[in-house]
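Undergrad: My structure is stored as structure-v2.txt, with compact mmCIF, C-alpha atoms.
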# COMPACT_ATOMS: atom_id res chain seq x y z
CA ILE A 1 -2.16 -5.09 9.85
CA ASN A 2 -0.28 -3.38 12.67
CA TRP A 3 -1.08 0.33 12.96
CA CYS A 4 2.64 1.18 13.14
CA ARG A 5 3.09 -0.03 9.56
CA VAL A 6 0.41 2.36 8.30
CA LEU A 7 1.95 5.19 10.35
CA ALA A 8 5.39 4.54 8.84
CA GLN A 9 3.94 4.64 5.31
CA THR A 10 2.75 8.24 5.80
CA THR A 11 6.38 9.27 5.34
CA TYR A 12 6.18 8.36 1.63
CA TYR A 13 3.60 11.07 1.09
CA PHE A 14 5.31 13.82 3.03
CA TRP A 15 8.72 13.13 1.48
CA SER A 16 7.42 12.94 -2.09
CA TYR A 17 5.18 16.00 -1.65
CA PHE A 18 8.16 18.18 -0.71
CA ARG A 19 10.22 16.83 -3.63
CA VAL A 20 7.40 17.63 -6.08
CA VAL A 21 6.81 21.20 -4.88
CA GLU A 22 10.56 21.86 -4.81
CA LYS A 23 10.84 20.85 -8.47
CA HIS A 24 7.51 22.40 -9.53
CA PRO A 25 6.87 25.53 -7.42
CA ALA A 26 3.53 26.15 -9.15
CA VAL A 27 2.18 22.85 -7.78
CA THR A 28 0.46 23.20 -4.40
CA VAL A 29 -1.67 20.04 -4.27
CA VAL A 30 -0.34 16.59 -5.18
CA ASN A 31 -2.32 13.53 -6.27
CA TYR A 32 -1.15 9.98 -5.60
CA SER A 33 -1.75 6.74 -7.46
CA VAL A 34 -1.26 3.77 -5.14
CA PRO A 35 -1.18 0.10 -6.21
CA THR A 36 -3.20 -1.62 -3.52
CA GLY A 37 -5.02 -4.73 -2.48
CA ASN A 38 -5.05 -4.47 1.29
CA PHE A 39 -5.73 -0.71 1.44
CA GLY A 40 -2.76 -0.06 3.73
CA ASP A 41 -0.45 2.25 1.77
CA VAL A 42 -3.32 4.31 0.34
CA LEU A 43 -4.87 4.55 3.83
CA ALA A 44 -1.60 6.12 4.96
CA GLY A 45 -2.13 8.68 2.19
CA TYR A 46 -5.62 9.39 3.52
CA TYR A 47 -4.26 9.92 7.03
CA SER A 48 -1.53 12.17 5.63
CA LYS A 49 -4.26 14.29 4.06
CA GLN A 50 -6.15 14.36 7.35
CA MET A 51 -2.98 15.58 9.08
CA GLY A 52 -2.89 18.56 6.74
CA LEU A 53 -0.68 17.48 3.85
CA PRO A 54 -2.06 19.12 0.66
CA VAL A 55 -3.16 15.89 -1.03
CA GLY A 56 -5.67 16.06 -3.87
CA GLN A 57 -7.02 12.73 -5.15
CA LEU A 58 -5.86 9.34 -3.93
CA VAL A 59 -6.12 6.84 -6.78
CA VAL A 60 -6.84 3.28 -5.67
CA ALA A 61 -5.13 1.17 -8.35
CA THR A 62 -6.13 -2.50 -8.41
CA ASN A 63 -5.47 -5.55 -10.54
CA GLU A 64 -8.10 -8.17 -11.44
CA ASN A 65 -8.92 -8.52 -7.75
CA ASP A 66 -10.81 -5.27 -7.84
CA ILE A 67 -13.08 -5.21 -4.79
CA LEU A 68 -11.81 -1.72 -3.94
CA HIS A 69 -12.28 -0.43 -7.48
CA ARG A 70 -15.83 -1.72 -7.49
CA PHE A 71 -16.49 0.03 -4.21
CA PHE A 72 -15.17 3.44 -5.23
CA THR A 73 -16.93 3.36 -8.59
CA LYS A 74 -20.23 1.63 -7.74
CA GLY A 75 -20.34 1.42 -3.97
CA GLU A 76 -20.14 -2.38 -4.14
CA TYR A 77 -17.81 -3.92 -1.60
CA HIS A 78 -18.66 -7.47 -2.68
CA ARG A 79 -16.33 -10.36 -2.01
CA HIS A 80 -15.34 -12.49 -5.03
CA ASP A 81 -12.96 -15.42 -5.37
CA ILE A 82 -9.30 -14.47 -5.77
CA ALA A 83 -7.96 -14.42 -9.31
CA GLU A 84 -4.27 -15.28 -9.60
CA SER A 85 -2.32 -12.44 -11.24
CA ILE A 86 1.25 -11.32 -11.94
CA SER A 87 1.00 -8.80 -9.06
CA PRO A 88 0.49 -11.29 -6.21
CA SER A 89 0.76 -8.81 -3.33
CA MET A 90 -2.52 -7.34 -4.59
CA ASP A 91 -4.34 -10.67 -4.96
CA ILE A 92 -6.74 -9.99 -2.09
CA CYS A 93 -10.51 -10.47 -1.94
CA LYS A 94 -11.05 -8.67 1.38
CA SER A 95 -8.93 -5.66 2.34
CA SER A 96 -7.95 -5.88 5.98
CA ASN A 97 -7.29 -2.14 6.34
CA PHE A 98 -10.50 -1.05 4.65
CA GLU A 99 -12.52 -1.35 7.87
CA ARG A 100 -10.35 1.44 9.29
CA TYR A 101 -11.39 3.76 6.48
CA LEU A 102 -15.04 2.71 6.72
CA PHE A 103 -15.03 3.90 10.34
CA HIS A 104 -14.27 7.42 9.12
CA LEU A 105 -16.75 7.09 6.25
CA ALA A 106 -19.38 6.22 8.86
CA GLY A 107 -18.72 9.52 10.60
CA ASN A 108 -16.50 7.83 13.20
CA ASP A 109 -19.61 6.02 14.44
CA ALA A 110 -18.62 2.57 15.73
CA LYS A 111 -22.24 1.36 15.78
CA VAL A 112 -22.75 2.14 12.10
CA LEU A 113 -19.45 0.48 11.24
CA SER A 114 -20.43 -2.60 13.25
CA GLN A 115 -23.69 -2.85 11.30
CA TRP A 116 -21.86 -2.52 7.98
CA MET A 117 -19.28 -5.16 8.85
CA LYS A 118 -21.91 -7.57 10.16
CA GLU A 119 -23.77 -7.23 6.88
CA PHE A 120 -20.55 -7.90 4.99
CA GLU A 121 -19.61 -10.93 7.10
CA ASP A 122 -23.12 -12.40 6.81
CA THR A 123 -23.63 -11.86 3.08
CA LYS A 124 -20.10 -11.17 1.71
CA LYS A 125 -21.58 -7.94 0.38
CA LEU A 126 -21.70 -4.33 1.53
CA THR A 127 -23.37 -1.83 -0.77
CA LEU A 128 -23.24 1.91 -0.05
CA SER A 129 -24.76 4.65 -2.16
CA GLY A 130 -25.98 8.23 -2.11
CA PRO A 131 -24.20 10.78 0.11
CA VAL A 132 -21.96 8.16 1.70
CA LEU A 133 -20.52 7.03 -1.63
CA GLU A 134 -20.19 10.62 -2.81
CA LYS A 135 -18.26 11.39 0.35
CA ALA A 136 -15.81 8.58 -0.46
CA LYS A 137 -15.34 9.91 -3.98
CA ILE A 138 -14.22 13.30 -2.63
CA ASP A 139 -10.89 11.78 -1.61
CA PHE A 140 -10.62 8.67 -3.77
CA LEU A 141 -10.62 7.74 -7.44
CA SER A 142 -9.91 4.24 -8.71
CA ALA A 143 -8.87 2.26 -11.75
CA ARG A 144 -8.32 -1.39 -12.64
CA ALA A 145 -5.47 -2.91 -14.65
CA ASP A 146 -5.65 -6.57 -15.60
CA THR A 147 -2.64 -8.68 -16.56
CA ALA A 148 -2.67 -7.68 -20.24
CA THR A 149 -2.85 -3.98 -19.35
CA THR A 150 -0.12 -4.34 -16.75
CA LEU A 151 2.25 -6.06 -19.20
CA SER A 152 1.50 -3.43 -21.84
CA THR A 153 2.40 -0.68 -19.36
CA ILE A 154 5.66 -2.38 -18.40
CA LYS A 155 6.61 -2.74 -22.06
CA GLU A 156 5.63 0.83 -22.92
CA TYR A 157 7.73 2.39 -20.15
CA SER A 158 10.69 0.15 -20.93
CA ASN A 159 10.62 1.14 -24.62
CA LYS A 160 9.86 4.84 -24.16
CA TYR A 161 11.76 5.70 -21.00
CA ASN A 162 14.17 2.80 -20.44
CA TYR A 163 12.52 2.31 -17.05
CA VAL A 164 11.38 -1.16 -16.02
CA LEU A 165 8.36 -1.22 -13.73
CA CYS A 166 7.55 -4.10 -11.42
CA PRO A 167 4.07 -5.59 -12.05
CA HIS A 168 2.62 -3.85 -8.98
CA SER A 169 4.06 -0.42 -9.80
CA ALA A 170 2.79 -0.79 -13.37
CA VAL A 171 -0.78 -1.09 -12.07
CA GLY A 172 -0.42 2.31 -10.40
CA VAL A 173 1.07 3.88 -13.51
CA SER A 174 -1.69 2.42 -15.67
CA ALA A 175 -4.29 3.94 -13.34
CA VAL A 176 -2.73 7.37 -13.82
CA GLN A 177 -2.89 6.94 -17.58
CA GLN A 178 -6.48 5.68 -17.55
CA LEU A 179 -7.65 8.67 -15.51
CA GLY A 180 -5.73 11.23 -17.57
CA MET A 181 -3.68 12.35 -14.58
CA ALA A 182 -0.15 12.00 -15.97
CA ASN A 183 1.20 15.42 -15.06
CA SER A 184 3.64 17.14 -12.71
CA SER A 185 1.16 17.14 -9.82
CA THR A 186 0.64 13.36 -9.72
CA VAL A 187 2.91 10.81 -8.05
CA ALA A 188 2.67 7.09 -8.86
CA LEU A 189 4.03 5.20 -5.89
CA ALA A 190 6.37 2.34 -6.81
CA THR A 191 6.25 -0.79 -4.71
CA ALA A 192 9.28 -2.96 -5.49
CA HIS A 193 12.32 -3.47 -7.70
CA GLU A 194 11.41 -5.31 -10.88
CA GLY A 195 14.18 -7.82 -10.13
CA LYS A 196 11.89 -9.45 -7.56
CA PHE A 197 9.48 -10.53 -10.32
CA PRO A 198 11.64 -11.79 -13.22
CA LEU A 199 9.12 -14.28 -14.60
CA ALA A 200 6.35 -11.69 -14.81
CA VAL A 201 8.51 -8.87 -16.14
CA LYS A 202 10.10 -11.10 -18.77
CA MET A 203 6.67 -11.49 -20.34
CA ALA A 204 6.98 -7.82 -21.35
CA VAL A 205 10.72 -7.12 -21.38
CA ASP A 206 13.11 -9.67 -22.87
CA PRO A 207 16.01 -9.80 -22.23
CA LEU A 208 15.71 -8.62 -18.65
CA PRO A 209 18.10 -6.03 -17.25
CA PRO A 210 20.64 -7.52 -14.83
CA PRO A 211 19.36 -7.60 -11.25
CA PRO A 212 21.11 -5.68 -8.45
CA GLU A 213 24.20 -7.49 -7.18
CA GLU A 214 22.63 -8.08 -3.75
CA LEU A 215 19.59 -9.70 -5.33
CA ALA A 216 21.62 -11.79 -7.77
CA GLN A 217 23.58 -13.29 -4.87
CA LEU A 218 20.41 -14.84 -3.46
CA ALA A 219 20.37 -17.41 -6.26
CA ASP A 220 23.51 -19.07 -4.84
CA LEU A 221 22.63 -18.90 -1.14
CA PRO A 222 21.32 -21.95 0.73
CA THR A 223 17.60 -22.18 1.42
CA ARG A 224 16.66 -22.40 5.09
CA ARG A 225 13.36 -23.96 6.04
CA THR A 226 11.74 -25.56 9.05
CA ALA A 227 8.84 -28.00 8.75
CA LEU A 228 6.20 -27.59 11.44
CA PRO A 229 2.94 -29.46 12.07
CA ASN A 230 -0.38 -27.79 11.34
CA ASP A 231 -0.75 -26.55 14.91
CA LEU A 232 -1.26 -22.88 15.76
CA LYS A 233 0.42 -22.99 19.16
CA ILE A 234 3.51 -24.74 17.83
CA VAL A 235 3.86 -22.18 15.03
CA GLN A 236 3.39 -19.30 17.48
CA ASN A 237 6.01 -20.68 19.85
CA PHE A 238 8.42 -21.19 16.97
CA MET A 239 7.98 -17.59 15.79
CA VAL A 240 8.44 -16.20 19.32
CA SER A 241 11.58 -18.25 19.74
CA ARG A 242 13.08 -17.06 16.43
CA ILE A 243 12.17 -13.42 17.15
CA ASN A 244 13.79 -13.58 20.58
CA GLU A 245 16.94 -15.09 19.06
CA ARG A 246 17.14 -12.33 16.47
CA VAL A 247 16.47 -9.52 18.95
CA ALA A 248 19.16 -10.90 21.25
CA THR A 249 21.65 -11.10 18.38
CA GLU A 250 20.91 -7.62 17.03
CA SER A 251 20.89 -6.09 20.52
CA SER A 252 24.36 -7.45 21.23
CA VAL A 253 25.64 -5.97 17.95
CA VAL A 254 24.33 -2.43 18.52
CA GLY A 255 24.82 -2.46 22.29
CA PHE A 256 21.14 -2.02 23.21
CA ASP A 257 18.91 -4.29 25.22
CA SER A 258 15.59 -5.11 23.51
CA LYS A 259 13.57 -2.59 25.54
CA SER A 260 15.98 0.24 24.76
CA LEU A 261 15.95 -0.71 21.10
CA ARG A 262 12.16 -0.58 20.93
CA LYS A 263 12.08 2.78 22.74
CA ALA A 264 14.64 4.19 20.32
CA VAL A 265 12.61 3.07 17.29
CA VAL A 266 9.37 4.54 18.68
CA ALA A 267 11.10 7.82 19.54
CA ALA A 268 12.58 8.07 16.03
CA VAL A 269 9.15 7.55 14.42
CA VAL A 270 7.49 10.16 16.67
CA VAL A 271 10.21 12.75 16.12
CA GLY A 272 10.19 12.15 12.36
CA ALA A 273 6.42 12.51 12.11
CA ALA A 274 6.47 15.69 14.22
CA ALA A 275 9.18 17.20 12.04
CA MET A 276 7.23 16.54 8.84
CA ILE A 277 4.02 18.01 10.26
CA LEU A 278 5.95 21.09 11.33
CA GLN A 279 7.29 21.44 7.80
CA VAL A 280 3.75 21.40 6.42
CA ILE A 281 2.63 24.07 8.92
CA LEU A 282 5.59 26.30 8.09
CA LYS A 283 5.05 25.76 4.36
CA ARG A 284 1.42 26.90 4.67
CA LYS A 285 2.43 30.04 6.57
In structure tokens, write the structure found in this file.
TA:
Amino acid sequence: INWCRVLAQTTYYFWSYFRVVEKHPAVTVVNYSVPTGNFGDVLAGYYSKQMGLPVGQLVVATNENDILHRFFTKGEYHRHDIAESISPSMDICKSSNFERYLFHLAGNDAKVLSQWMKEFEDTKKLTLSGPVLEKAKIDFLSARADTATTLSTIKEYSNKYNYVLCPHSAVGVSAVQQLGMANSSTVALATAHEGKFPLAVKMAVDPLPPPPEELAQLADLPTRRTALPNDLKIVQNFMVSRINERVATESSVVGFDSKSLRKAVVAAVVVGAAAMILQVILKRK
């Protein structure tokens, strides 16, 4: 996963933190429940905490594919086969961002991390215990919600609050409930509009609410597809060609060449991150 994606996700934490403390002045530390499979969004929360944002516990919320839950509860990062679920973005048996966190858990020691990852690649198992596991539990809690629990959560929130959760968001909400953290100092991060998962949501909420107009229009649009042979180089060349076509088209619309466009995006991210960090510093003073 590209580092820039993780960096961009830190904005969720800063933005939501300021909204919470504005509404609840007595709250100074905010907890976050994050539906995750690949450990990207919740890693952004960890980095936000390292940057100084007053984050309490980060809840790693998983579905049946619970390698992360097993690690944070028992220290067992053991690879299992993937179980198909109704929250497919979390159907992951090995979290690609987790190695980044393990580097910090290893005391930023690349040699220790290399040993851990070699053990995992050789045996499909990494087991940590003692002070190392306790260190992980300082920042992270975890919970697991299977399909039945997820559907129950979707139905409960639809009936009680007239709010329809997507199957990924419902995993995060369930984790909050399981850990007894449903209060004004906990944020459950949502992941998508429920309209993206009609078949899953309809198992709990029937009839479904109407989808957004923009999403409903997709049903009548033509499907575009290109068949390619099973050849890595051909697929890479195809992707490069399509990206170049899109960059050229978008650059002509906004009046930027591709290099200027990239520089503008990078500058916007840097300025935005600096502004949020400054807000935290001023808030602490």
Undergrad: Considering all atoms listed in the file, give me a table of residues in region 107-172 of chain A that are at most 10 Å from region 194-212 of chain A, with the closest atom pair and distance in Å for each, as a tab-separated table.
TA:
residue	atom	partner	partner_atom	distance
A:Thr147	CA	A:Ala200	CA	9.6
A:Ala148	CA	A:Ala204	CA	9.7
A:Thr150	CA	A:Ala204	CA	9.1
A:Leu151	CA	A:Ala204	CA	5.5
A:Ser152	CA	A:Ala204	CA	7.0
A:Thr153	CA	A:Ala204	CA	8.7
A:Ile154	CA	A:Ala204	CA	6.3
A:Lys155	CA	A:Ala204	CA	5.1
A:Glu156	CA	A:Ala204	CA	8.9
A:Ser158	CA	A:Val205	CA	7.3
A:Asn159	CA	A:Val205	CA	8.9
A:Tyr163	CA	A:Glu194	CA	9.9
A:Val164	CA	A:Glu194	CA	6.6
A:Leu165	CA	A:Glu194	CA	5.8
A:Cys166	CA	A:Glu194	CA	4.1
A:Pro167	CA	A:Val201	CA	6.9
A:His168	CA	A:Glu194	CA	9.1
A:Ser169	CA	A:Glu194	CA	8.9
Undergrad: Any idea what the distance is between CA of Ala175 (chain A) and CA of Ala61 (chain A)?
TA: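 The value is 5.8 Å.
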Undergrad: So the first atom is CA of Asn97 (chain A) and the second is CA of Leu53 (chain A); what is the distance between them in Å, to one decimal place?
TA: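 Distance reported for this atom pair: 20.9 Å.
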Undergrad: One decimal, in Å: what's the spacing between CA of Cys4 (chain A) and CA of Arg225 (chain A)?
TA: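 It comes out at 28.2 Å.
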Undergrad: Neighbours of region 36-52 of chain A within 8 Å (only C-alpha atoms; same-chain residues fewer than 5 positions away dropped), as a list of chain:residue names?
TA: A:Ile1, A:Val6, A:Leu7, A:Gln9, A:Thr10, A:Tyr13, A:Phe14, A:Leu58, A:Val60, A:Ala61, A:Thr62, A:Asn65, A:Asp66, A:Leu68, A:Ser89, A:Met90, A:Asp91, A:Ile92, A:Cys93, A:Lys94, A:Ser95, A:Ser96, A:Asn97, A:Phe98, A:Tyr101, A:Asp139, A:Ile277, A:Val280
Undergrad: As AutoDock Vina command-line options, please report the centre and edge lengths, rounded to one decimal in Å, of the axis-aligned box that holds all listed atoms of region 149-167 of chain A with 8 Å of padding on each of the six sides.
TA:
--center_x 5.7 --center_y -0.2 --center_z -18.0 --size_x 33.0 --size_y 27.8 --size_z 29.2
Undergrad: Could you list, as number ranges by chain, every residue within 9 Å of Val59 (chain A), counting only C-alpha atoms and ignoring same-chain residues fewer than 2 positions away?
TA: A: 31-35, 42, 57, 61, 139-143, 172, 175-176
Undergrad: So, with all atoms listed in the file as the atoms that count, which of A:His193, A:Pro131, A:Val187, A:Leu126 lies closest to Val21 (chain A)?
TA: A:Val187
Undergrad: Ranking A:Ile234, A:Leu133, A:Asp122, A:Ser16 by minimum distance to Ala190 (chain A) and counting all atoms listed in the file, which one comes first?
TA: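 Closest candidate: A:Ser16.
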